[in-house]
There are 2 protein chains.
Amino acid sequence: MALIVQKYGGTSVGDLSRIRNVARRVARTRQEGNDVVVAVSAMSGETDRLIQLANQAWDTPDLREYDSLISTGEQVSVALLALTLQSMGVPSRSFLGYQVQIITDSAFSHARIRKIEVATLRQALKKGVVPVVAGFQGVDKEGNITTLGRGGSDTTGVALAAALKADVCEIYTDVEGVYTTDPNICPDARKLSHITYDEMMEMASLGAKVLQIRSVELAKKYNVPVHVRSSFSDKPGTFVTKEDKKMEKVLVSGVTYNKNEAKITIVRVPDRPGIASKIFTPISDANVVVDMIIQNNSADGYTDLTFTVSKADLKRALKLVKATADEIKAQEVLADENIAKVSIVGAGMVSHAGVASKMFSALSRENINILMISTSEIKISCVIEAKYGELAARVLHKTFGLEKGEMRKEA
Amino acid sequence: MALIVQKYGGTSVGDLSRIRNVARRVARTRQEGNDVVVAVSAMSGETDRLIQLANQAWDTPDLREYDSLISTGEQVSVALLALTLQSMGVPSRSFLGYQVQIITDSAFSHARIRKIEVATLRQALKKGVVPVVAGFQGVDKEGNITTLGRGGSDTTGVALAAALKADVCEIYTDVEGVYTTDPNICPDARKLSHITYDEMMEMASLGAKVLQIRSVELAKKYNVPVHVRSSFSDKPGTFVTKEDKKMEKVLVSGVTYNKNEAKITIVRVPDRPGIASKIFTPISDANVVVDMIIQNNSADGYTDLTFTVSKADLKRALKLVKATADEIKAQEVLADENIAKVSIVGAGMVSHAGVASKMFSALSRENINILMISTSEIKISCVIEAKYGELAARVLHKTFGLEKGEMRKEA
């Protein structure tokens, strides 16, 4: 008998017939002899409706009130799922963040889980009751409702699995798993049967929307096996696990691309110690996340500095950067929204040479100019002109043989 | 400086422009030098939407889940009002039942308040913060969310006023106060400037929907002055207070009528001790509220027993009554949904003779047949055929001179 945490996303509980579908799956998992703890998102569209209400009340809402407001979406869906399970004869009970005691810090709207009390949940399981836990929400030590940021229900699921020492955390969504690349732009995209935590984190941070990145960090930290799969099918999805030495290493697991970034260049920055900190401190203080940063070699005591931010933050970032540029007497500040970032991710890269050059050659063969490059141990990202984004993803997908299946050793 | 509790109903917070209207009134009351604590219902229509969802999930929903679900309506409206107040520069903070600690019993869906902790609210007031408290909801000692029954936000308002020893509890609604009768059926209906707790309780129990009856009980118990008024106007409404010896007593304060009841008659019930208890125990166990009960004198050892229940409960009640009737070998069970109850209410009745006969004569002059009669110290109710309901209300309103103003002594 296993202990399984099942997390269902918003589309999986989008209406009452889908909630019944979820309840049937929970009931079946239980009949197969497992203990089940369920975590649920808000019905799809509901969180957006609530956010809109908050923004109509005040365009810069106080985040304590905002969190209390938008957490109602999950409060509704857990009650509906518990009721539906009961109607099928499955004893069930809903739990809100404060009822479980999912304790978080007080960083409203992007709170982090500090501790989960498992006593109440274990007691419910012991009585044969299926606990249905509200995703996305927690409570701080003053009793205020907090939320975990977009996609936070994934983190709730994984954190519950970690706290309960569950055998697996199943993440049910509207796609069948993690793909080698976005099937919408590359018909050859293939579902991966396995992916490592590190690869999944890179893929998530590069724009693959299957899992909230913090949930993967947490899964890695507590070694929780995660199974990403569809709530509309019985096919196995993708297992996200630690690297398995016995398995052959995959060179490249996936290709991602992302059109949500913009590039800022500061031209002729005086090349002195402390300049980078002068530029980036105000940006980070404003909670703008900077992704890639490139600084060219200095020639004449001046250098160009280029970095990317999300398009949504561009305006705010530009204002701050222009002020700094004036102050440090840089020549000018340029912005470019017309870019795409295409990346390859693979745990096998770390021990194989030649992957980068193979990527660059493939892009060059298509006359795609590379504007920026950034690498980590297991990923290489290139910023290119936006119009080439999809083409680049398809070319790289083919170049690394991703359509063929994943048991390859060599580049 | 006064401490004022203001309770706003669903229509008063029905959309964001109305919420802004409420926020302006709260801000003004505060500018006038008062401390304000606000209690709020769900936006109009929201609770019904949630109830429908629950009923779609399961037609006899578990009431713990049901309460957790429908309490989200108030969670949304308090956050929106607190945000709106903040946007106007008024420091404000929303509080849910568990955050205040509005402790109730565990009778889900019709919980009773046992205790309200006022420390947190007092602390907020001290800091100049306007607490916006979710109406209708509480928390039991296990941390489960409970609700107080339809109209329960009135009770939240009055209970807060009692616990905080407020100077007045203002109940804002979509009518301008308590009327002598329903203005929709009687154009002469007049707004009362004052009404006693007892009269208001009778009027509420007879179908006047302005206040939840338990809120009036509570106001009476703790002697909380209640001011029922419109959130869409600045006119004073109706004050509900204890009887004032200095005021002349009103003979009849109001006329109510109610078409939501049905009548059940058990024909030829063997007239033995214990029979009534045999009949009514299963009904009360099923939480069906019985209103009027009439038992005729026994002639030949048999009697007819008639009582009324709400139409919504008729089916359930009939099933139970038929089973008992078989068991005790009564002749048959009849049901009649085609009835109306018309009542007159007035604290002055207790010391005046002839009120009942005046009522019966007025009905008789219009050829309205009286099917059942029930009296208390300050009210007389008659069940009549449904089609005469409105006519009877108008006739009684005129008979007791209610259109003329309330300072009369005599019938």
# chains A, B, ... in the order shown; residues from 1 in each chain; ligands from 1

$ residues_around --residues "region 296-311 of chain A" --least-positions-apart "5" --cutoff "7 Å" --atoms "only C-alpha atoms" --output "number ranges by chain"
A: 260-271, 289-291, 337

$ write_last_selection --atoms "N, CA and C atoms" --output "PDB file, in the first residue's frame"
ATOM      1  N   ASN A 260       8.758  35.987 -23.939  1.00  0.00           N
ATOM      2  CA  ASN A 260       8.276  36.969 -22.961  1.00  0.00           C
ATOM      3  C   ASN A 260       9.371  37.855 -22.394  1.00  0.00           C
ATOM      4  N   GLU A 261      10.575  37.799 -22.985  1.00  0.00           N
ATOM      5  CA  GLU A 261      11.633  38.640 -22.451  1.00  0.00           C
ATOM      6  C   GLU A 261      11.968  39.799 -23.383  1.00  0.00           C
ATOM      7  N   ALA A 262      12.582  40.794 -22.795  1.00  0.00           N
ATOM      8  CA  ALA A 262      13.063  41.941 -23.565  1.00  0.00           C
ATOM      9  C   ALA A 262      14.498  42.189 -23.135  1.00  0.00           C
ATOM     10  N   LYS A 263      15.225  42.880 -23.986  1.00  0.00           N
ATOM     11  CA  LYS A 263      16.663  43.028 -23.794  1.00  0.00           C
ATOM     12  C   LYS A 263      16.953  44.515 -23.602  1.00  0.00           C
ATOM     13  N   ILE A 264      17.783  44.808 -22.630  1.00  0.00           N
ATOM     14  CA  ILE A 264      18.192  46.198 -22.382  1.00  0.00           C
ATOM     15  C   ILE A 264      19.708  46.284 -22.542  1.00  0.00           C
ATOM     16  N   THR A 265      20.173  47.232 -23.296  1.00  0.00           N
ATOM     17  CA  THR A 265      21.616  47.407 -23.455  1.00  0.00           C
ATOM     18  C   THR A 265      22.011  48.806 -22.974  1.00  0.00           C
ATOM     19  N   ILE A 266      23.049  48.855 -22.132  1.00  0.00           N
ATOM     20  CA  ILE A 266      23.600  50.152 -21.735  1.00  0.00           C
ATOM     21  C   ILE A 266      24.908  50.316 -22.501  1.00  0.00           C
ATOM     22  N   VAL A 267      24.967  51.347 -23.333  1.00  0.00           N
ATOM     23  CA  VAL A 267      26.097  51.520 -24.253  1.00  0.00           C
ATOM     24  C   VAL A 267      27.171  52.406 -23.596  1.00  0.00           C
ATOM     25  N   ARG A 268      28.395  51.939 -23.730  1.00  0.00           N
ATOM     26  CA  ARG A 268      29.573  52.688 -23.213  1.00  0.00           C
ATOM     27  C   ARG A 268      29.458  53.001 -21.722  1.00  0.00           C
ATOM     28  N   VAL A 269      29.468  51.875 -20.983  1.00  0.00           N
ATOM     29  CA  VAL A 269      29.494  51.986 -19.527  1.00  0.00           C
ATOM     30  C   VAL A 269      30.952  52.108 -19.103  1.00  0.00           C
ATOM     31  N   PRO A 270      31.299  53.093 -18.268  1.00  0.00           N
ATOM     32  CA  PRO A 270      32.694  53.167 -17.784  1.00  0.00           C
ATOM     33  C   PRO A 270      33.040  51.893 -17.038  1.00  0.00           C
ATOM     34  N   ASP A 271      34.109  51.263 -17.413  1.00  0.00           N
ATOM     35  CA  ASP A 271      34.461  49.940 -16.886  1.00  0.00           C
ATOM     36  C   ASP A 271      35.245  50.066 -15.588  1.00  0.00           C
ATOM     37  N   VAL A 289      13.059  40.718 -11.935  1.00  0.00           N
ATOM     38  CA  VAL A 289      13.987  39.601 -12.080  1.00  0.00           C
ATOM     39  C   VAL A 289      14.769  39.766 -13.375  1.00  0.00           C
ATOM     40  N   VAL A 290      16.082  39.763 -13.231  1.00  0.00           N
ATOM     41  CA  VAL A 290      16.957  39.847 -14.397  1.00  0.00           C
ATOM     42  C   VAL A 290      17.368  38.433 -14.780  1.00  0.00           C
ATOM     43  N   ASP A 291      17.278  38.125 -16.069  1.00  0.00           N
ATOM     44  CA  ASP A 291      17.627  36.756 -16.468  1.00  0.00           C
ATOM     45  C   ASP A 291      19.090  36.708 -16.946  1.00  0.00           C
ATOM     46  N   GLU A 337      12.358  44.627 -27.587  1.00  0.00           N
ATOM     47  CA  GLU A 337      11.359  43.623 -27.182  1.00  0.00           C
ATOM     48  C   GLU A 337      11.243  42.515 -28.205  1.00  0.00           C
TER      49      GLU A 337
END

$ closest_atom_pairs --of "chain A" --to "chain B" --cutoff "9 Å" --atoms "only C-alpha atoms" --output "JSON lines"
{"residue": "A:Leu16", "atom": "CA", "partner": "B:Ala57", "partner_atom": "CA", "distance": 6.6}
{"residue": "A:Ser17", "atom": "CA", "partner": "B:Ala57", "partner_atom": "CA", "distance": 9.0}
{"residue": "A:Ile19", "atom": "CA", "partner": "B:Ala57", "partner_atom": "CA", "distance": 8.6}
{"residue": "A:Arg20", "atom": "CA", "partner": "B:Ala57", "partner_atom": "CA", "distance": 8.2}
{"residue": "A:Leu50", "atom": "CA", "partner": "B:Val76", "partner_atom": "CA", "distance": 8.3}
{"residue": "A:Leu53", "atom": "CA", "partner": "B:Leu80", "partner_atom": "CA", "distance": 7.6}
{"residue": "A:Ala54", "atom": "CA", "partner": "B:Leu80", "partner_atom": "CA", "distance": 6.4}
{"residue": "A:Gln56", "atom": "CA", "partner": "B:Leu16", "partner_atom": "CA", "distance": 7.4}
{"residue": "A:Ala57", "atom": "CA", "partner": "B:Thr84", "partner_atom": "CA", "distance": 5.3}
{"residue": "A:Trp58", "atom": "CA", "partner": "B:Ser87", "partner_atom": "CA", "distance": 5.8}
{"residue": "A:Asp59", "atom": "CA", "partner": "B:Ser87", "partner_atom": "CA", "distance": 8.5}
{"residue": "A:Thr60", "atom": "CA", "partner": "B:Ser87", "partner_atom": "CA", "distance": 8.5}
{"residue": "A:Pro61", "atom": "CA", "partner": "B:Leu83", "partner_atom": "CA", "distance": 6.3}
{"residue": "A:Asp62", "atom": "CA", "partner": "B:Leu83", "partner_atom": "CA", "distance": 6.6}
{"residue": "A:Arg64", "atom": "CA", "partner": "B:Arg93", "partner_atom": "CA", "distance": 8.6}
{"residue": "A:Glu65", "atom": "CA", "partner": "B:Ala79", "partner_atom": "CA", "distance": 5.1}
{"residue": "A:Tyr66", "atom": "CA", "partner": "B:Ala79", "partner_atom": "CA", "distance": 7.0}
{"residue": "A:Asp67", "atom": "CA", "partner": "B:Ala79", "partner_atom": "CA", "distance": 8.9}
{"residue": "A:Ser68", "atom": "CA", "partner": "B:Ala79", "partner_atom": "CA", "distance": 6.7}
{"residue": "A:Leu69", "atom": "CA", "partner": "B:Val76", "partner_atom": "CA", "distance": 5.1}
{"residue": "A:Ile70", "atom": "CA", "partner": "B:Val76", "partner_atom": "CA", "distance": 7.9}
{"residue": "A:Thr72", "atom": "CA", "partner": "B:Thr72", "partner_atom": "CA", "distance": 5.7}
{"residue": "A:Gly73", "atom": "CA", "partner": "B:Thr72", "partner_atom": "CA", "distance": 8.4}
{"residue": "A:Gln75", "atom": "CA", "partner": "B:Leu69", "partner_atom": "CA", "distance": 6.4}
{"residue": "A:Val76", "atom": "CA", "partner": "B:Leu69", "partner_atom": "CA", "distance": 5.1}
{"residue": "A:Ser77", "atom": "CA", "partner": "B:Leu69", "partner_atom": "CA", "distance": 8.2}
{"residue": "A:Val78", "atom": "CA", "partner": "B:Leu69", "partner_atom": "CA", "distance": 8.4}
{"residue": "A:Ala79", "atom": "CA", "partner": "B:Glu65", "partner_atom": "CA", "distance": 5.1}
{"residue": "A:Leu80", "atom": "CA", "partner": "B:Ala57", "partner_atom": "CA", "distance": 6.2}
{"residue": "A:Leu81", "atom": "CA", "partner": "B:Ala57", "partner_atom": "CA", "distance": 7.9}
{"residue": "A:Ala82", "atom": "CA", "partner": "B:Glu65", "partner_atom": "CA", "distance": 7.1}
{"residue": "A:Leu83", "atom": "CA", "partner": "B:Ala57", "partner_atom": "CA", "distance": 6.1}
{"residue": "A:Thr84", "atom": "CA", "partner": "B:Ala57", "partner_atom": "CA", "distance": 5.3}
{"residue": "A:Gln86", "atom": "CA", "partner": "B:Asp62", "partner_atom": "CA", "distance": 7.9}
{"residue": "A:Ser87", "atom": "CA", "partner": "B:Trp58", "partner_atom": "CA", "distance": 5.8}
{"residue": "A:Arg93", "atom": "CA", "partner": "B:Glu65", "partner_atom": "CA", "distance": 7.4}
{"residue": "A:Ser94", "atom": "CA", "partner": "B:Glu65", "partner_atom": "CA", "distance": 6.9}
{"residue": "A:Phe95", "atom": "CA", "partner": "B:Asn144", "partner_atom": "CA", "distance": 9.0}
{"residue": "A:Tyr98", "atom": "CA", "partner": "B:Gly143", "partner_atom": "CA", "distance": 8.5}
{"residue": "A:Gln99", "atom": "CA", "partner": "B:Gly143", "partner_atom": "CA", "distance": 6.5}
{"residue": "A:Glu142", "atom": "CA", "partner": "B:Gln99", "partner_atom": "CA", "distance": 8.9}
{"residue": "A:Gly143", "atom": "CA", "partner": "B:Gln99", "partner_atom": "CA", "distance": 6.5}
{"residue": "A:Asn144", "atom": "CA", "partner": "B:Gln99", "partner_atom": "CA", "distance": 7.7}

$ write_last_selection --atoms "N, CA and C atoms" --output "compact mmCIF listing (two decimals), in the first residue's frame"
# COMPACT_ATOMS: atom_id res chain seq x y z
N LEU A 16 -18.23 20.94 -12.84
CA LEU A 16 -18.61 19.84 -11.94
C LEU A 16 -18.44 18.48 -12.58
N SER A 17 -18.56 18.39 -13.92
CA SER A 17 -18.38 17.07 -14.52
C SER A 17 -16.90 16.68 -14.46
N ILE A 19 -14.89 17.69 -12.06
CA ILE A 19 -14.66 17.37 -10.65
C ILE A 19 -15.09 15.93 -10.37
N ARG A 20 -16.21 15.50 -10.99
CA ARG A 20 -16.64 14.10 -10.82
C ARG A 20 -15.60 13.15 -11.39
N LEU A 50 -11.13 36.67 -9.75
CA LEU A 50 -10.90 37.29 -8.45
C LEU A 50 -9.83 38.38 -8.52
N LEU A 53 -11.37 41.45 -9.89
CA LEU A 53 -12.15 42.16 -8.85
C LEU A 53 -11.22 43.00 -7.97
N ALA A 54 -10.12 42.38 -7.53
CA ALA A 54 -9.19 43.09 -6.65
C ALA A 54 -8.63 44.32 -7.36
N GLN A 56 -9.99 46.00 -9.71
CA GLN A 56 -11.02 47.03 -9.87
C GLN A 56 -11.20 47.81 -8.57
N ALA A 57 -11.05 47.11 -7.44
CA ALA A 57 -11.20 47.80 -6.16
C ALA A 57 -10.03 48.77 -5.94
N TRP A 58 -8.86 48.35 -6.34
CA TRP A 58 -7.69 49.20 -6.15
C TRP A 58 -6.61 48.71 -7.09
N ASP A 59 -6.03 49.62 -7.89
CA ASP A 59 -5.08 49.12 -8.89
C ASP A 59 -3.77 48.64 -8.28
N THR A 60 -3.45 49.07 -7.06
CA THR A 60 -2.28 48.48 -6.38
C THR A 60 -2.74 47.90 -5.05
N PRO A 61 -3.46 46.78 -5.11
CA PRO A 61 -4.09 46.26 -3.90
C PRO A 61 -3.09 45.87 -2.82
N ASP A 62 -3.50 46.09 -1.59
CA ASP A 62 -2.77 45.60 -0.42
C ASP A 62 -2.73 44.08 -0.50
N ARG A 64 -2.15 41.63 1.56
CA ARG A 64 -2.82 40.79 2.56
C ARG A 64 -4.27 40.57 2.14
N GLU A 65 -4.97 41.64 1.77
CA GLU A 65 -6.36 41.52 1.36
C GLU A 65 -6.47 40.73 0.05
N TYR A 66 -5.53 41.01 -0.85
CA TYR A 66 -5.49 40.34 -2.14
C TYR A 66 -5.40 38.81 -1.96
N ASP A 67 -4.52 38.39 -1.07
CA ASP A 67 -4.35 36.95 -0.84
C ASP A 67 -5.61 36.34 -0.23
N SER A 68 -6.22 37.06 0.72
CA SER A 68 -7.42 36.54 1.35
C SER A 68 -8.52 36.39 0.30
N LEU A 69 -8.57 37.36 -0.61
CA LEU A 69 -9.58 37.33 -1.68
C LEU A 69 -9.33 36.17 -2.63
N ILE A 70 -8.13 36.09 -3.21
CA ILE A 70 -7.94 35.11 -4.28
C ILE A 70 -7.84 33.68 -3.75
N THR A 72 -9.99 32.30 -2.06
CA THR A 72 -11.33 31.71 -2.02
C THR A 72 -11.55 30.73 -3.17
N GLY A 73 -10.82 30.92 -4.26
CA GLY A 73 -10.98 30.01 -5.41
C GLY A 73 -10.74 28.56 -5.00
N GLN A 75 -10.79 27.45 -1.91
CA GLN A 75 -11.74 27.08 -0.85
C GLN A 75 -13.01 26.50 -1.47
N VAL A 76 -13.41 27.07 -2.60
CA VAL A 76 -14.58 26.56 -3.31
C VAL A 76 -14.29 25.17 -3.90
N SER A 77 -13.15 25.03 -4.57
CA SER A 77 -12.93 23.76 -5.27
C SER A 77 -12.69 22.59 -4.32
N VAL A 78 -12.03 22.82 -3.18
CA VAL A 78 -11.84 21.69 -2.25
C VAL A 78 -13.18 21.23 -1.66
N ALA A 79 -14.07 22.19 -1.34
CA ALA A 79 -15.37 21.79 -0.80
C ALA A 79 -16.15 21.00 -1.85
N LEU A 80 -16.11 21.47 -3.09
CA LEU A 80 -16.86 20.77 -4.15
C LEU A 80 -16.30 19.37 -4.37
N LEU A 81 -14.99 19.21 -4.34
CA LEU A 81 -14.42 17.88 -4.55
C LEU A 81 -14.73 16.97 -3.37
N ALA A 82 -14.64 17.50 -2.14
CA ALA A 82 -14.97 16.67 -0.97
C ALA A 82 -16.43 16.23 -1.03
N LEU A 83 -17.32 17.16 -1.39
CA LEU A 83 -18.75 16.81 -1.52
C LEU A 83 -18.96 15.74 -2.58
N THR A 84 -18.27 15.89 -3.70
CA THR A 84 -18.44 14.93 -4.80
C THR A 84 -17.94 13.55 -4.39
N GLN A 86 -17.85 12.42 -1.32
CA GLN A 86 -18.85 11.91 -0.37
C GLN A 86 -20.07 11.36 -1.11
N SER A 87 -20.48 12.07 -2.16
CA SER A 87 -21.67 11.63 -2.91
C SER A 87 -21.44 10.27 -3.56
N ARG A 93 -12.90 15.00 3.38
CA ARG A 93 -12.99 16.21 4.17
C ARG A 93 -12.04 17.23 3.57
N SER A 94 -12.52 18.46 3.43
CA SER A 94 -11.66 19.50 2.88
C SER A 94 -10.85 20.16 3.99
N PHE A 95 -9.67 20.63 3.63
CA PHE A 95 -8.81 21.34 4.58
C PHE A 95 -8.26 22.60 3.93
N TYR A 98 -5.09 27.10 6.82
CA TYR A 98 -4.99 27.28 8.27
C TYR A 98 -5.51 26.05 9.02
N GLN A 99 -6.32 25.25 8.37
CA GLN A 99 -6.85 24.06 9.04
C GLN A 99 -5.82 22.93 9.08
N GLU A 142 0.60 34.84 12.23
CA GLU A 142 -0.46 35.69 12.81
C GLU A 142 -1.86 35.26 12.37
N GLY A 143 -1.94 34.20 11.58
CA GLY A 143 -3.26 33.74 11.14
C GLY A 143 -3.75 34.40 9.86
N ASN A 144 -2.89 35.19 9.21
CA ASN A 144 -3.26 35.78 7.92
C ASN A 144 -3.16 34.74 6.81

$ residues_around --residues "region 167-183 of chain A" --least-positions-apart "4" --cutoff "6 Å" --atoms "only C-alpha atoms" --output "PyMOL selection string"
chain A and resi 3-9+161+187+189-192+225-231+237-238+254-256

$ write_last_selection --atoms "C-alpha atoms" --output "mmCIF file, in the first residue's frame"
data_model
loop_
_atom_site.group_PDB
_atom_site.id
_atom_site.type_symbol
_atom_site.label_atom_id
_atom_site.label_comp_id
_atom_site.auth_asym_id
_atom_site.auth_seq_id
_atom_site.Cartn_x
_atom_site.Cartn_y
_atom_site.Cartn_z
ATOM 1 C CA LEU A 3 0.686 6.867 0.076
ATOM 2 C CA ILE A 4 -0.033 8.998 -2.980
ATOM 3 C CA VAL A 5 -0.464 12.757 -3.123
ATOM 4 C CA GLN A 6 -2.522 13.786 -6.159
ATOM 5 C CA LYS A 7 -2.559 17.412 -7.211
ATOM 6 C CA TYR A 8 -5.206 18.521 -9.700
ATOM 7 C CA GLY A 9 -4.855 21.761 -11.654
ATOM 8 C CA ALA A 161 4.199 14.715 -0.315
ATOM 9 C CA PRO A 187 4.769 18.444 -34.431
ATOM 10 C CA ALA A 189 7.639 16.910 -30.010
ATOM 11 C CA ARG A 190 7.693 13.783 -27.895
ATOM 12 C CA LYS A 191 6.570 13.133 -24.346
ATOM 13 C CA LEU A 192 9.498 12.328 -22.068
ATOM 14 C CA PRO A 225 9.239 11.458 -7.065
ATOM 15 C CA VAL A 226 6.869 13.570 -9.160
ATOM 16 C CA HIS A 227 4.654 12.123 -11.871
ATOM 17 C CA VAL A 228 3.275 14.749 -14.275
ATOM 18 C CA ARG A 229 0.267 13.377 -16.129
ATOM 19 C CA SER A 230 -3.091 14.171 -17.665
ATOM 20 C CA SER A 231 -6.328 14.016 -15.700
ATOM 21 C CA GLY A 237 3.054 10.810 -18.015
ATOM 22 C CA THR A 238 6.543 12.012 -17.185
ATOM 23 C CA GLY A 254 14.300 19.255 -24.333
ATOM 24 C CA VAL A 255 14.164 22.478 -26.244
ATOM 25 C CA THR A 256 12.337 25.494 -24.846
#

$ atom_distance --atom1 "CA of Arg49 (chain A)" --atom2 "CA of Gly149 (chain B)"
26.9 Å

$ closest_residue --among "A:Asp105, A:Val118, A:Gly151, A:Ala208" --to "Ser44 (chain A)" --atoms "only C-alpha atoms"
A:Gly151

$ atom_distance --atom1 "CA of Asp326 (chain B)" --atom2 "CA of Val288 (chain B)"
19.9 Å

$ select_by_dssp --residues "region 219-342 of chain B" --states "strand (DSSP E)" --output "PyMOL selection string"
chain B and resi 226-230+238-241+254-258+261-270+290-295+302-310+332-336+339-342

$ select_by_dssp --residues "region 39-74 of chain A" --states "helix (DSSP H, G or I)" --output "PyMOL selection string"
chain A and resi 46-57+63-70+72-74

$ residues_around --residues "Ala163 (chain A)" --least-positions-apart "4" --cutoff "8 Å" --atoms "only C-alpha atoms" --output "ChimeraX atom specification"
/A:116-118,159

$ atom_distance --atom1 "CA of Ser374 (chain B)" --atom2 "CA of Ile294 (chain B)"
8.2 Å

$ closest_residue --among "B:Gln137, B:Ser357, B:Thr120, B:Ser41" --to "Thr399 (chain B)" --atoms "only C-alpha atoms"
B:Ser357

$ residues_around --residues "Met201 (chain A)" --least-positions-apart "5" --cutoff "9 Å" --atoms "only C-alpha atoms" --output "list in words"
Thr196, Leu206, Leu211, Gln212, Ile213, Arg214, Val216 and Glu217 of chain A

$ decode --residues "region 335-365 of chain B" --atoms "C-alpha atoms" --output "short mmCIF file (atom, residue, chain, number, x, y, z; two decimals), in the first residue's frame"
data_model
loop_
_atom_site.label_atom_id
_atom_site.label_comp_id
_atom_site.auth_asym_id
_atom_site.auth_seq_id
_atom_site.Cartn_x
_atom_site.Cartn_y
_atom_site.Cartn_z
CA ALA B 335 -51.89 18.68 2.57
CA ASP B 336 -52.77 22.17 1.36
CA GLU B 337 -50.23 24.53 -0.15
CA ASN B 338 -52.84 27.03 -1.17
CA ILE B 339 -52.76 29.13 2.00
CA ALA B 340 -51.53 32.49 3.25
CA LYS B 341 -50.87 33.62 6.78
CA VAL B 342 -51.81 37.18 7.64
CA SER B 343 -50.87 38.62 11.03
CA ILE B 344 -51.10 41.80 13.05
CA VAL B 345 -48.32 42.67 15.48
CA GLY B 346 -48.27 45.25 18.24
CA ALA B 347 -46.90 45.65 21.73
CA GLY B 348 -50.06 47.56 22.68
CA MET B 349 -52.28 44.54 22.12
CA VAL B 350 -51.34 43.04 25.43
CA SER B 351 -53.32 45.66 27.34
CA HIS B 352 -56.20 46.20 24.93
CA ALA B 353 -59.21 44.01 24.50
CA GLY B 354 -61.13 43.66 21.30
CA VAL B 355 -58.21 43.60 18.89
CA ALA B 356 -58.83 40.02 17.84
CA SER B 357 -62.53 40.47 17.25
CA LYS B 358 -61.84 43.62 15.26
CA MET B 359 -59.45 41.62 13.07
CA PHE B 360 -61.90 38.75 12.55
CA SER B 361 -64.75 41.13 11.73
CA ALA B 362 -62.67 42.99 9.16
CA LEU B 363 -61.82 39.73 7.40
CA SER B 364 -65.38 38.53 7.58
CA ARG B 365 -66.69 41.75 6.00
#
